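Some notes on the structure that comes next.
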Amino acid sequence: MTSEAIIEALRGAVPPDAVEPAPSADGMAAIYASAEHIVDVCRALRDTPSLRFAFAADMTAADYMPREPRFEVVLILASLGVAGFGETPKRLRVKVRLPGRDPRMRTLSEIWPAMNWAEREVWDLFGIVFDGHPNLHRLLMPDDWEGHPARKDYPVQIKLTPKIYEPLQLTPEEFAANVRADLRQAGQD
């Protein structure tokens with residue numbers, strides 16, 4: 001199914017300015033959805049009988065600094081072609097453009113509960129806020145981490161002198177002796 005066919009199927013279910021086709025180099029159908037209408041667009045993608053994108057497979061983001069809008073949230077949806085619907089499986093890439101200053105959009109975890117963790121990951125790494133998210137806190141980085149490390153303006157420690165280590169060199173005999181010593185110490189010899 002093409003991007004244009006998906007947009008046509010959404011006609012009447014979402015405002016006309018809510019979606020537009022997006023370029024796709026890999027042949028997967030792709031659309032841009034406005035941040036203001038993202039929940040309505042996603043609900044229509046899930047509930048429209050000819051679409052039935054019931055599975056949100058993944059979410060990530062991209063930082064296009066210094067371009068504005070700076071961020072794009074990228075959502076990968078799948079329609080599994082469930083028996084009875086007469087549909088073949090299809091995939092769709094939904095992109096949402098967000099500004100560099102105060103990037104935020106509504107949570108999609110109310111439509112696809114699995115997006116809860118994906119939104120936490122995107123917030124943790126990119127600092128994109130998902131309004132209405134039930135538990136938006138760090139997922140990958142430690143709780144006391146400052147900033148969002150996937151942003152292009154995240155400070156990198158370039159003044160730190162690199163540490164160089166020499167690899168540990170053991171002969172086969174030394175390695176075997178170390179293994180035997182470890183086994184003896186563990187009481188397994």
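Ordering of the structure tokens sets the chain letters (A, B, ...); residue numbers start at 1 within each chain; ligands are numbered from 1 in the order shown.
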When DSSP is applied to the backbone of this structure, which of segment 64-185 of chain A are assigned strand (DSSP E)? Write them out as a PyMOL selection string.
chain A and resi 71-79+90-98+104-106+129-131
Which residues, written as a PyMOL selection string, have at least one atom at most 12 Å from Arg46 of chain A, with only C-alpha atoms counted and residues fewer than 4 positions away on the same chain left out?
chain A and resi 6+9-10+13+39-42+50-56+77-80+92+108+111-112
If you run DSSP on the backbone, which residues of chain A are alpha helix (DSSP H), as a PyMOL selection string?
chain A and resi 3-10+38-47+115-126+172-185
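Among the candidates A:Pro134, A:Gly187, A:Pro66, A:Gly127, the one nearest to Glu110 of chain A when counting only C-alpha atoms is A:Pro134.
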Counting only C-alpha atoms, what is within 9 Å of Gly147 of chain A, bar same-chain residues fewer than 6 positions away, as a count of residues only?
6
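For the set A:Met28, A:Arg120, A:Trp145, A:Arg11, the residue with the smallest atom-to-atom gap to Leu45 of chain A is A:Arg11, counting only C-alpha atoms.
The nearest approach to Arg101 of chain A among the residues A:Glu68, A:Asp58, A:Glu173, A:Asp17, with only C-alpha atoms taken into account, belongs to A:Glu68.
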Skipping near chain neighbours, those fewer than 5 positions away, what residues fall within 8 Å of Ala35 of chain A using only C-alpha atoms, listed as a PyMOL selection string?
chain A and resi 96-98+105-106
If we count only C-alpha atoms and set the cut-off at 7 Å, which residues sit around Met59 of chain A, ignoring sequence neighbours fewer than 3 positions away in its own chain? Please answer as a list of chain:residue names.
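Listing them by chain and then by number gives A:Val74, A:Leu75, A:Ile76, A:Ala118.
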Neighbour list for Arg138 of chain A as a short mmCIF file (atom, residue, chain, number, x, y, z; two decimals) with C-alpha atoms, in the first residue's frame, cut-off 8 Å, only C-alpha atoms, skip fewer than 3 positions in-chain:
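In the end it all went to part02.cif:
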data_model
loop_
_atom_site.label_atom_id
_atom_site.label_comp_id
_atom_site.auth_asym_id
_atom_site.auth_seq_id
_atom_site.Cartn_x
_atom_site.Cartn_y
_atom_site.Cartn_z
CA ARG A 120 10.84 6.62 27.61
CA GLU A 121 13.86 5.65 25.52
CA TRP A 123 12.87 10.97 25.98
CA ASP A 124 15.95 9.62 27.76
CA MET A 141 20.81 6.31 31.44
CA PRO A 142 21.35 6.47 35.23
CA ASP A 143 18.74 8.49 37.12
#
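Among the candidates A:Val73, A:Trp117, A:Asp153, A:Asp47, the one nearest to Leu140 of chain A when counting only C-alpha atoms is A:Trp117.
Here atom CA of Lys95 of chain A is placed at a distance of 14.8 Å from atom CA of Phe130 of chain A.
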So which one's closest to Ala22 of chain A, A:Glu8, A:Pro69, A:Glu36, A:Val94? Using only C-alpha atoms, please.
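Smallest distance to Ala22 of chain A is found for A:Val94.
Shortest atom-to-atom contact with Ala30 of chain A among A:Ala5, A:Ala177, A:Val129, A:Val14: A:Ala5, counting only C-alpha atoms.
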